[in-house]
Structure formats: C-alpha cells, structure tokens
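**Q** My file is target-v9.txt. It has compact mmCIF, C-alpha atoms and all ligand atoms:
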# COMPACT_ATOMS: atom_id res chain seq x y z
CA MET A 1 -2.26 -15.34 32.39
CA GLN A 2 -1.51 -17.23 29.19
CA LYS A 3 -0.25 -15.28 26.21
CA MET A 4 -0.92 -15.48 22.49
CA LYS A 5 0.51 -13.96 19.34
CA ALA A 6 -1.56 -11.19 17.72
CA VAL A 7 -1.28 -8.28 15.31
CA VAL A 8 -2.00 -5.08 17.19
CA PHE A 9 -2.89 -1.70 15.65
CA HIS A 10 -0.83 0.97 17.41
CA GLY A 11 -1.72 3.92 15.20
CA VAL A 12 -1.64 5.03 11.56
CA ASN A 13 0.62 2.69 9.54
CA ASP A 14 1.82 1.02 12.74
CA LEU A 15 0.99 -2.70 12.99
CA ARG A 16 2.99 -4.90 15.34
CA VAL A 17 3.09 -8.64 15.92
CA GLU A 18 3.27 -9.08 19.69
CA ALA A 19 2.38 -11.26 22.69
CA VAL A 20 -0.89 -10.29 24.36
CA PRO A 21 -3.15 -11.99 26.96
CA ARG A 22 -5.16 -14.91 25.60
CA PRO A 23 -8.93 -14.26 25.96
CA ARG A 24 -11.17 -16.37 28.24
CA PRO A 25 -14.91 -16.75 27.55
CA ARG A 26 -17.65 -15.60 29.89
CA ALA A 27 -21.19 -17.05 29.81
CA GLY A 28 -22.48 -17.27 26.24
CA GLU A 29 -19.07 -16.52 24.71
CA ALA A 30 -16.56 -18.85 23.07
CA VAL A 31 -12.86 -18.72 22.32
CA ILE A 32 -11.74 -20.18 19.01
CA GLN A 33 -8.23 -21.01 17.91
CA ILE A 34 -7.75 -19.29 14.56
CA THR A 35 -6.48 -21.64 11.83
CA ALA A 36 -6.82 -19.19 8.90
CA THR A 37 -7.80 -15.58 8.38
CA THR A 38 -7.28 -12.83 5.82
CA ILE A 39 -6.87 -9.10 5.18
CA CYS A 40 -9.77 -6.95 3.97
CA GLY A 41 -9.81 -3.63 2.13
CA THR A 42 -11.51 -2.25 5.24
CA ASP A 43 -8.41 -3.13 7.29
CA VAL A 44 -6.39 -0.99 4.89
CA HIS A 45 -8.75 1.95 5.54
CA ILE A 46 -8.18 1.44 9.27
CA VAL A 47 -4.39 1.18 9.07
CA LYS A 48 -4.20 4.29 6.87
CA GLY A 49 -6.27 6.18 9.46
CA GLU A 50 -9.28 6.68 7.17
CA TYR A 51 -11.55 4.73 9.53
CA PRO A 52 -10.65 5.34 13.18
CA VAL A 53 -10.35 2.53 15.72
CA LYS A 54 -8.74 2.52 19.18
CA PRO A 55 -4.97 1.99 19.30
CA GLY A 56 -4.23 -1.32 21.03
CA LEU A 57 -6.94 -3.16 19.10
CA ILE A 58 -6.28 -6.49 17.36
CA LEU A 59 -7.55 -6.12 13.77
CA GLY A 60 -9.11 -8.66 11.37
CA HIS A 61 -12.71 -9.76 10.93
CA GLU A 62 -12.58 -12.96 8.86
CA PRO A 63 -12.16 -15.93 11.23
CA VAL A 64 -11.82 -19.64 10.46
CA GLY A 65 -10.91 -21.83 13.43
CA ILE A 66 -11.50 -24.54 16.01
CA ILE A 67 -13.53 -24.14 19.21
CA HIS A 68 -10.95 -23.95 22.01
CA GLU A 69 -13.05 -23.05 25.05
CA LEU A 70 -16.77 -22.55 25.67
CA GLY A 71 -18.30 -20.23 28.23
CA SER A 72 -21.21 -21.58 30.27
CA GLY A 73 -24.52 -22.25 28.54
CA LEU A 74 -23.12 -23.56 25.25
CA ASP A 75 -22.36 -27.23 25.97
CA GLU A 76 -25.55 -28.55 24.41
CA ASP A 77 -24.97 -26.82 21.09
CA TYR A 78 -21.22 -26.97 20.60
CA GLU A 79 -18.13 -28.87 21.64
CA VAL A 80 -14.46 -28.07 22.00
CA GLY A 81 -12.53 -29.15 18.89
CA GLN A 82 -15.36 -28.38 16.43
CA ARG A 83 -14.27 -26.54 13.27
CA VAL A 84 -16.21 -23.30 12.77
CA ILE A 85 -16.34 -20.04 10.89
CA VAL A 86 -17.75 -16.82 12.31
CA GLY A 87 -19.18 -14.03 10.19
CA ALA A 88 -17.41 -10.68 10.07
CA ILE A 89 -20.65 -9.33 11.50
CA THR A 90 -21.69 -10.85 14.84
CA PRO A 91 -25.31 -9.94 15.64
CA CYS A 92 -26.68 -10.56 19.13
CA GLY A 93 -30.01 -11.78 17.77
CA GLN A 94 -32.00 -10.07 20.55
CA CYS A 95 -31.82 -6.28 20.28
CA PHE A 96 -34.24 -3.82 18.63
CA TYR A 97 -32.38 -3.96 15.31
CA CYS A 98 -31.88 -7.74 15.26
CA LEU A 99 -35.55 -8.31 16.02
CA ASN A 100 -36.47 -5.86 13.26
CA GLY A 101 -34.49 -8.02 10.83
CA VAL A 102 -31.46 -5.76 10.29
CA HIS A 103 -28.90 -7.93 12.06
CA SER A 104 -25.87 -6.13 10.64
CA GLN A 105 -27.05 -2.95 12.38
CA CYS A 106 -27.24 -4.76 15.76
CA HIS A 107 -27.45 -2.12 18.55
CA GLY A 108 -27.30 0.75 16.00
CA PRO A 109 -25.60 1.88 12.76
CA LEU A 110 -22.80 -0.58 11.79
CA GLY A 111 -23.10 -2.09 15.29
CA GLY A 112 -22.98 -5.70 14.09
CA TRP A 113 -19.39 -5.16 12.95
CA ARG A 114 -17.44 -5.75 16.13
CA PHE A 115 -14.30 -7.80 15.28
CA GLY A 116 -11.36 -5.50 14.63
CA ASN A 117 -13.64 -2.48 15.02
CA THR A 118 -14.99 -2.29 18.57
CA ILE A 119 -13.57 -5.56 20.00
CA ASN A 120 -10.40 -7.58 19.34
CA GLY A 121 -10.31 -9.30 15.96
CA ALA A 122 -9.04 -12.38 14.15
CA TRP A 123 -5.39 -11.51 13.45
CA ALA A 124 -4.37 -13.61 16.42
CA GLU A 125 -3.92 -17.18 17.62
CA TYR A 126 -7.19 -17.01 19.58
CA LEU A 127 -10.40 -15.00 19.19
CA LEU A 128 -13.19 -14.28 21.68
CA VAL A 129 -16.58 -14.75 19.94
CA PRO A 130 -19.44 -12.77 21.52
CA ASP A 131 -23.03 -14.12 21.44
CA ALA A 132 -21.58 -17.46 20.42
CA ARG A 133 -24.91 -19.26 19.98
CA ALA A 134 -25.89 -16.80 17.24
CA ASN A 135 -22.49 -16.77 15.60
CA LEU A 136 -20.51 -20.05 15.69
CA ALA A 137 -21.17 -21.82 12.38
CA PRO A 138 -19.83 -25.41 12.19
CA ILE A 139 -17.91 -26.21 8.98
CA PRO A 140 -19.39 -29.20 7.09
CA ASP A 141 -17.09 -32.24 6.94
CA GLY A 142 -14.87 -32.28 3.89
CA LEU A 143 -14.54 -28.51 3.41
CA THR A 144 -11.05 -27.04 3.80
CA ASP A 145 -10.22 -23.77 5.55
CA GLU A 146 -9.37 -22.28 2.16
CA GLN A 147 -12.80 -23.18 0.76
CA VAL A 148 -14.60 -21.24 3.51
CA LEU A 149 -12.11 -18.42 4.15
CA MET A 150 -13.91 -15.95 1.87
CA LEU A 151 -17.35 -16.53 3.41
CA PRO A 152 -17.26 -14.46 6.66
CA ASP A 153 -17.01 -11.17 4.75
CA ILE A 154 -16.23 -11.02 1.03
CA ALA A 155 -18.72 -13.59 -0.24
CA SER A 156 -21.44 -12.63 2.21
CA THR A 157 -21.08 -8.94 1.31
CA GLY A 158 -20.73 -9.34 -2.45
CA ILE A 159 -23.57 -11.80 -2.87
CA SER A 160 -25.81 -9.64 -0.62
CA GLY A 161 -25.41 -6.77 -3.10
CA ALA A 162 -27.25 -8.94 -5.65
CA GLU A 163 -29.80 -10.23 -3.12
CA SER A 164 -30.69 -6.78 -1.72
CA ALA A 165 -31.24 -5.54 -5.26
CA GLY A 166 -33.85 -8.28 -5.78
CA ILE A 167 -32.31 -9.37 -9.09
CA LYS A 168 -34.85 -11.31 -11.16
CA VAL A 169 -34.34 -14.03 -13.76
CA GLY A 170 -33.42 -12.34 -17.02
CA ASP A 171 -32.25 -9.04 -15.50
CA ALA A 172 -29.39 -7.02 -16.98
CA VAL A 173 -26.86 -6.21 -14.26
CA ALA A 174 -23.70 -4.11 -14.22
CA VAL A 175 -21.16 -4.47 -11.41
CA PHE A 176 -18.85 -1.50 -10.95
CA ALA A 177 -15.35 -2.61 -9.83
CA GLN A 178 -14.19 -6.23 -9.85
CA GLY A 179 -12.13 -6.46 -6.69
CA PRO A 180 -12.95 -9.37 -4.34
CA ILE A 181 -16.32 -7.88 -3.29
CA GLY A 182 -17.31 -6.88 -6.82
CA LEU A 183 -16.41 -10.36 -8.08
CA CYS A 184 -18.67 -11.91 -5.44
CA ALA A 185 -21.43 -9.48 -6.49
CA THR A 186 -20.95 -10.71 -10.06
CA LEU A 187 -21.24 -14.26 -8.76
CA GLY A 188 -24.39 -13.24 -6.84
CA ALA A 189 -25.94 -11.81 -10.03
CA ARG A 190 -25.28 -15.14 -11.76
CA LEU A 191 -26.79 -17.11 -8.87
CA ARG A 192 -29.90 -14.88 -8.95
CA GLY A 193 -30.41 -15.62 -12.67
CA ALA A 194 -29.35 -12.41 -14.43
CA SER A 195 -29.09 -12.89 -18.19
CA LEU A 196 -26.64 -10.08 -18.93
CA ILE A 197 -23.89 -9.45 -16.37
CA VAL A 198 -21.36 -6.72 -17.11
CA GLY A 199 -18.16 -6.55 -15.06
CA VAL A 200 -16.68 -3.03 -15.08
CA ASP A 201 -13.02 -2.63 -14.08
CA PRO A 202 -9.93 -0.87 -15.45
CA THR A 203 -7.60 -3.83 -14.69
CA ALA A 204 -7.25 -6.54 -17.36
CA GLU A 205 -6.63 -9.38 -14.85
CA ARG A 206 -9.72 -8.42 -12.89
CA ARG A 207 -11.84 -8.32 -16.04
CA GLU A 208 -10.54 -11.80 -16.84
CA MET A 209 -11.43 -13.00 -13.33
CA SER A 210 -14.85 -11.34 -13.75
CA LYS A 211 -15.65 -13.77 -16.56
CA ARG A 212 -14.77 -16.72 -14.31
CA PHE A 213 -17.22 -15.37 -11.73
CA GLY A 214 -20.08 -15.03 -14.19
CA ALA A 215 -19.70 -11.84 -16.27
CA SER A 216 -21.03 -12.24 -19.80
CA VAL A 217 -19.33 -9.00 -20.92
CA THR A 218 -16.61 -6.85 -19.37
CA ILE A 219 -15.97 -3.14 -19.84
CA ASN A 220 -12.79 -1.14 -19.29
CA PRO A 221 -14.12 2.21 -18.00
CA THR A 222 -10.90 4.03 -18.93
CA ALA A 223 -11.25 3.01 -22.59
CA CYS A 224 -14.87 3.97 -23.30
CA ASP A 225 -18.01 5.70 -22.02
CA VAL A 226 -19.36 3.02 -19.65
CA VAL A 227 -22.85 4.49 -19.36
CA ALA A 228 -23.26 4.76 -23.15
CA GLU A 229 -21.95 1.23 -23.55
CA LEU A 230 -24.39 -0.16 -20.96
CA LYS A 231 -27.31 1.65 -22.63
CA HIS A 232 -26.17 0.24 -25.96
CA LEU A 233 -26.25 -3.28 -24.47
CA THR A 234 -29.83 -2.79 -23.15
CA ASP A 235 -31.68 -1.31 -26.15
CA GLY A 236 -31.04 2.21 -24.87
CA ARG A 237 -32.86 1.67 -21.55
CA GLY A 238 -30.06 1.12 -19.04
CA VAL A 239 -29.52 -1.88 -16.78
CA ASP A 240 -32.14 -3.22 -14.38
CA VAL A 241 -29.60 -3.30 -11.55
CA ALA A 242 -26.23 -1.62 -11.04
CA ILE A 243 -24.07 -2.75 -8.13
CA GLU A 244 -21.44 -0.30 -6.85
CA ALA A 245 -18.50 -2.12 -5.24
CA LEU A 246 -15.80 0.54 -4.89
CA GLY A 247 -17.05 3.46 -2.81
CA ARG A 248 -16.16 6.44 -5.01
CA GLN A 249 -18.21 9.34 -6.35
CA GLU A 250 -17.34 8.44 -9.98
CA THR A 251 -18.50 4.84 -9.74
CA PHE A 252 -21.60 5.78 -7.73
CA GLU A 253 -22.55 8.36 -10.33
CA ALA A 254 -21.84 6.05 -13.26
CA ALA A 255 -23.92 3.33 -11.60
CA LEU A 256 -26.78 5.82 -11.09
CA ARG A 257 -26.62 7.01 -14.71
CA SER A 258 -26.57 3.44 -15.99
CA ILE A 259 -29.82 2.19 -14.40
CA ARG A 260 -33.15 2.33 -16.22
CA ALA A 261 -36.27 4.09 -14.96
CA GLY A 262 -37.56 1.87 -12.14
CA GLY A 263 -34.11 0.31 -11.77
CA VAL A 264 -32.04 -0.36 -8.68
CA LEU A 265 -28.65 0.95 -7.55
CA SER A 266 -27.33 -1.49 -4.96
CA SER A 267 -24.39 0.06 -3.16
CA LEU A 268 -21.70 -1.96 -1.35
CA GLY A 269 -18.83 0.55 -1.44
CA VAL A 270 -17.45 2.30 1.64
CA TYR A 271 -17.59 6.06 0.91
CA SER A 272 -15.90 9.02 2.46
CA GLY A 273 -16.66 12.72 2.01
CA LYS A 274 -19.79 13.86 0.24
CA LEU A 275 -21.75 11.73 -2.22
CA VAL A 276 -23.55 13.70 -4.96
CA ALA A 277 -26.46 12.63 -7.17
CA PRO A 278 -26.76 15.16 -10.07
CA TYR A 279 -30.41 15.93 -10.83
CA GLU A 280 -30.28 14.68 -14.42
CA ALA A 281 -28.68 11.41 -13.30
CA ILE A 282 -31.49 10.84 -10.82
CA TYR A 283 -34.20 12.19 -13.17
CA ALA A 284 -34.96 14.96 -10.66
CA GLY A 285 -35.89 12.20 -8.23
CA LEU A 286 -38.97 11.10 -10.23
CA ALA A 287 -37.97 7.90 -12.05
CA ASP A 288 -39.07 5.28 -9.49
CA GLN A 289 -35.47 4.24 -8.93
CA ARG A 290 -34.23 2.70 -5.73
CA ILE A 291 -30.85 3.32 -4.13
CA LEU A 292 -30.02 0.95 -1.32
CA THR A 293 -27.01 0.15 0.82
CA THR A 294 -26.01 -3.14 2.44
CA LEU A 295 -23.52 -4.11 5.12
CA CYS A 296 -22.22 -7.68 5.14
CA PRO A 297 -24.86 -10.06 6.53
CA GLY A 298 -23.50 -12.16 9.41
CA GLY A 299 -24.67 -14.71 11.97
CA LYS A 300 -24.45 -18.49 11.86
CA GLU A 301 -27.47 -19.05 9.61
CA ARG A 302 -26.01 -16.81 6.89
CA MET A 303 -22.70 -18.67 7.21
CA ARG A 304 -24.50 -22.05 7.03
CA ARG A 305 -26.19 -21.03 3.79
CA LEU A 306 -22.94 -19.86 2.21
CA MET A 307 -21.11 -23.03 3.28
CA ALA A 308 -23.96 -25.07 1.77
CA MET A 309 -23.29 -23.31 -1.54
CA VAL A 310 -19.62 -24.30 -1.33
CA ALA A 311 -20.37 -27.88 -0.21
CA THR A 312 -22.72 -28.41 -3.16
CA GLU A 313 -20.12 -26.91 -5.53
CA ARG A 314 -22.41 -24.08 -6.58
CA VAL A 315 -19.64 -21.62 -5.74
CA ASP A 316 -15.85 -21.89 -5.56
CA LEU A 317 -14.07 -18.91 -4.04
CA THR A 318 -10.61 -20.43 -3.81
CA PRO A 319 -9.36 -18.57 -6.94
CA LEU A 320 -9.61 -15.35 -4.90
CA VAL A 321 -6.90 -16.50 -2.48
CA THR A 322 -3.78 -15.70 -4.46
CA HIS A 323 -1.13 -15.60 -1.70
CA SER A 324 -0.37 -17.27 1.65
CA PHE A 325 1.57 -15.97 4.66
CA ALA A 326 2.28 -16.93 8.24
CA LEU A 327 0.65 -14.47 10.66
CA ASP A 328 4.18 -13.57 11.80
CA ASP A 329 4.70 -12.07 8.34
CA LEU A 330 1.55 -9.95 8.53
CA VAL A 331 3.37 -6.69 7.93
CA GLU A 332 4.81 -8.06 4.69
CA ALA A 333 1.43 -9.51 3.69
CA TYR A 334 -0.25 -6.18 4.44
CA ASP A 335 2.32 -4.35 2.33
CA LEU A 336 1.66 -6.62 -0.65
CA PHE A 337 -2.12 -6.44 -0.24
CA SER A 338 -2.41 -2.71 0.38
CA HIS A 339 -0.23 -1.89 -2.64
CA GLN A 340 -2.01 -4.47 -4.81
CA ARG A 341 1.28 -5.99 -5.92
CA GLY A 342 1.96 -9.34 -7.61
CA GLY A 343 -1.62 -9.72 -8.90
CA VAL A 344 -2.84 -10.10 -5.31
CA MET A 345 -6.56 -10.57 -4.80
CA LYS A 346 -6.78 -11.93 -1.23
CA VAL A 347 -4.10 -13.38 1.07
CA ALA A 348 -4.53 -16.30 3.46
CA LEU A 349 -2.90 -15.75 6.87
CA TYR A 350 -2.01 -18.72 9.06
CA PRO A 351 -1.26 -18.15 12.78
CA HIS A 352 0.46 -21.55 12.96
CA GLY A 353 2.49 -21.23 9.76
CA VAL A 354 1.65 -21.74 6.10
CA PRO A 355 0.44 -25.33 5.52
CA GLY A 356 3.00 -27.21 3.46
CA GLY A 357 5.85 -25.20 4.95
CA GLU A 358 8.02 -22.40 3.74
CA ARG A 359 7.94 -23.17 0.03
CA ARG A 360 4.76 -21.26 -0.71
CA HIS A 361 6.01 -18.37 1.35
CA GLU A 362 9.22 -18.19 -0.70
CA GLU A 363 7.19 -18.13 -3.89
CA VAL A 364 5.26 -15.21 -2.49
CA VAL A 365 8.43 -13.35 -1.56
CA SER A 366 9.82 -13.77 -5.06
CA ALA A 367 6.53 -12.43 -6.44
CA ILE A 368 6.93 -9.28 -4.32
CA LEU A 369 10.55 -8.63 -5.40
ZN ZN B 1 -14.05 -6.74 5.43
ZN ZN B 2 -28.62 -7.25 18.02
Could I get this file's structure written as structure tokens?
Ligand SMILES: [Zn+2]
Ligand SMILES: [Zn+2]

**A**
Amino acid sequence: MQKMKAVVFHGVNDLRVEAVPRPRPRAGEAVIQITATTICGTDVHIVKGEYPVKPGLILGHEPVGIIHELGSGLDEDYEVGQRVIVGAITPCGQCFYCLNGVHSQCHGPLGGWRFGNTINGAWAEYLLVPDARANLAPIPDGLTDEQVLMLPDIASTGISGAESAGIKVGDAVAVFAQGPIGLCATLGARLRGASLIVGVDPTAERREMSKRFGASVTINPTACDVVAELKHLTDGRGVDVAIEALGRQETFEAALRSIRAGGVLSSLGVYSGKLVAPYEAIYAGLADQRILTTLCPGGKERMRRLMAMVATERVDLTPLVTHSFALDDLVEAYDLFSHQRGGVMKVALYPHGVPGGERRHEEVVSAIL
C-alpha cells in the first residue's frame, strides 16, 4: 500500500505529521492531491478538546487540489489532472435533508461536515472526496490556489450569514467580531447592498481590515457601549440585521439587543455551554424578530458561484492569507494561528512545500520570534 504524509490528531494538543496509507476511491468517490489547504478556528476547538473527534483522524476541511484518481462512474464529468476545490461541507445531494434543501445538514444535524470531523481531512498529500459528483468543483482557468483557498469554508460561511439574513438594499447591518468569518460576513453585507455596515471588534488591525472588506464604520466594543452606539447610528431604532461571528454569550446578547423590532439576528458563531436571551433583550418574545443559524454551505454549485465572484473580481480574499507554511511545519503553523501571533489572519499550508521556496517561511519564522 502506498503511503502519504498527513497531520494526524492523536488527542488533546497532540498533532503529529506522519506517514499513513494513501486513500483509493471506490465508485462515485475521487482522490485529489492537495496543493494548498489552511487551518480553521474549528480545528483549534478540536485540538483543544472542545469539539471531540476520534483520535487517529486526519484534520482539515479546506481543500484545494488536483484530481489524482477517479472511482468508477465519474469519467464523463471529470478527468485526472483537473484543478478543483471541494467545499468544507460535502453533501450527498440525495438524502432527506439534501432533498429538503438543507444540504449542510446532510443525513442529520451537522452531517454535511465530514472532512476532519467524521472522515479524514485535507491536512495531507491526498484526500478522499465522497459523493464526488456533488462536490468536485473545477477551478476556472487563471485563478491561483491562493485566490480560491478561502472559499471552501471561510467565504462560504461568512457570506452565507448575510444571505440567510435576507439583507436588503439600504439595510443597516452590524457584524460582531471581525475574524476571517466576520470579515467575510462584512463582505457579504456589502455584496447584498447594505448601506450602513458596522464592523465590531476589539482589535485595531481587524477593524482596519474590516474597512477593506466593506465596513462603513467600525466600533471597538471595549471602548464604548456598542448597543447604544448602534442605536445612535440608526435613529434610535437598532440595526436591521446583526450578524454574530464569534460564538460567545456576550456577542450573541449584544447582537440581540442591537436589532430593531422586526430585525434579524443571523448567527454564525460556534457556541458552547448555555446561550441566554434575557427577556428585555428579546422584548419578551413579541417583537417579530428572527434568530437564525447557518452552517457553511457546501457542494460544487456553491463553490462555482464563489469562484465566479473571484474570477469577475467582485471579491478578493487573498488579504486574509497572511502566512505560508509547508505542511511539514503544521505544528508551528498551528501554534502561530491558535495563539493569534504576528497579526495572523489565515495561514496557507502547502503539502509539497511553500511555493517560491524557503524565503517566505523564514520571514514567517522571524515574525513568530
Ligand atoms: Zn472551518
Ligand atoms: Zn444528503
């Protein structure tokens, strides 16, 4: 059996780069050679033990690659050597949930999220893609790996927070937290035609980035009363839409308090413990407000749409990729990312070495030290 290099989760705070068997596709499956991937905040939850997965699993759910081998039944649609991305969420397209239009919940709650959760993920030289016909999305000619690397998860998730909320032209929108997902939610609000977009984040660099992604105003929540400030900006009413992109009680509650009667709280954060909605914040449940949650939309059609936005230069997500590492240096990359050092936003990981050689890696190392 042929081997490949992969990053395996062995338990809490125990990631190891090791040689494991290379996957082979069965009917309807494909194996792609990973050319670039990245680390997500969700991976940090897993490694810290806050979201349990089986020891022995290869993590990572953001794949960019080249079709290496096709299982039977796929020859008419795809060919070996084609460049593709695959969404973090890989719906089957045929189950009860998929056919009811909630593809991310394929086979049940969170079921569409398989890579690095219930099956081996993208932190490897090769990745087995299930239900390949629903999930392999060819990369348009001319787009680089870096231009599409944020699409499988971050962009799809963030932008969906604005889409699910049904933002209308002229809406006032507040986005709580301006990490990678929050920034993409800000971008989504701009794409949907919001007139006022407020990026809320305690970090100065992230507020600065927020403006590049479409915020008209930014607020530092540690320096003022965010809810009062948002009401002030909207003639005392509150915003039409608040997007929560952190997953904490404080931000959820502030988002709830900041929406107007009839407004929408669109939640993207990953919560733990109990989430509380105080009765005065929710107007005793009588103010025609909507609270909705969204998991990253996946599947090849979603990926095609996002790549079309990149190809037509409507969105540019490359500023989010602040650091590059070889996959061999995953532990170092994880350390930088999980501690949010060196102004890191997202890191690019390359199984076959950082393009352009060691120079960029050395720059990264000096940024850590
Ligand atoms: Zn993720
Ligand atoms: Zn399904």

**Q** Taking only C-alpha atoms and all ligand atoms into account, which residues have an atom no farther than 10 Å from ligand ZN 2 (chain B)? I'd like them as a ChimeraX atom specification.

**A** /A:90-108,111-112,131,134

**Q** How close does chain A get to ligand ZN 1 (chain B)? List, as a tab-separated table, each residue of chain A within 7 Å, its nearest atom pair and the distance in Å to one decimal, counting all atoms listed in the file.

**A**
residue	atom	partner	partner_atom	distance
A:Cys40	CA	B:ZN1	ZN	4.5
A:Gly41	CA	B:ZN1	ZN	6.2
A:Thr42	CA	B:ZN1	ZN	5.2
A:Asp43	CA	B:ZN1	ZN	6.9
A:His61	CA	B:ZN1	ZN	6.4
A:Ala88	CA	B:ZN1	ZN	7.0
A:Asp153	CA	B:ZN1	ZN	5.4
A:Ile154	CA	B:ZN1	ZN	6.5

**Q** Please determine, counting only C-alpha atoms, which residue among A:Thr222, A:Gln2, A:Ser160, A:Thr38 has the shortest atom-to-atom distance to A:Tyr350.

**A** A:Thr38

**Q** Given the point (-15.8, -29.1, 13.8) in the file's coordinates, find the residues that have an atom at most 8 Å from it, counting all atoms listed in the file, and give them as a PDB file with C-alpha atoms, keeping the file's coordinate frame.

**A**
ATOM      1  CA  ILE A  66     -11.500 -24.540  16.010  1.00  0.00           C
ATOM      2  CA  ILE A  67     -13.530 -24.140  19.210  1.00  0.00           C
ATOM      3  CA  GLY A  81     -12.530 -29.150  18.890  1.00  0.00           C
ATOM      4  CA  GLN A  82     -15.360 -28.380  16.430  1.00  0.00           C
ATOM      5  CA  ARG A  83     -14.270 -26.540  13.270  1.00  0.00           C
ATOM      6  CA  VAL A  84     -16.210 -23.300  12.770  1.00  0.00           C
ATOM      7  CA  PRO A 138     -19.830 -25.410  12.190  1.00  0.00           C
ATOM      8  CA  ILE A 139     -17.910 -26.210   8.980  1.00  0.00           C
ATOM      9  CA  PRO A 140     -19.390 -29.200   7.090  1.00  0.00           C
ATOM     10  CA  ASP A 141     -17.090 -32.240   6.940  1.00  0.00           C
TER      11      ASP A 141
END

**Q** I'd like the interatomic distance between atom CA of A:Gly188 and atom CA of A:Met150, to a tenth of an Å.

**A** 13.9 Å
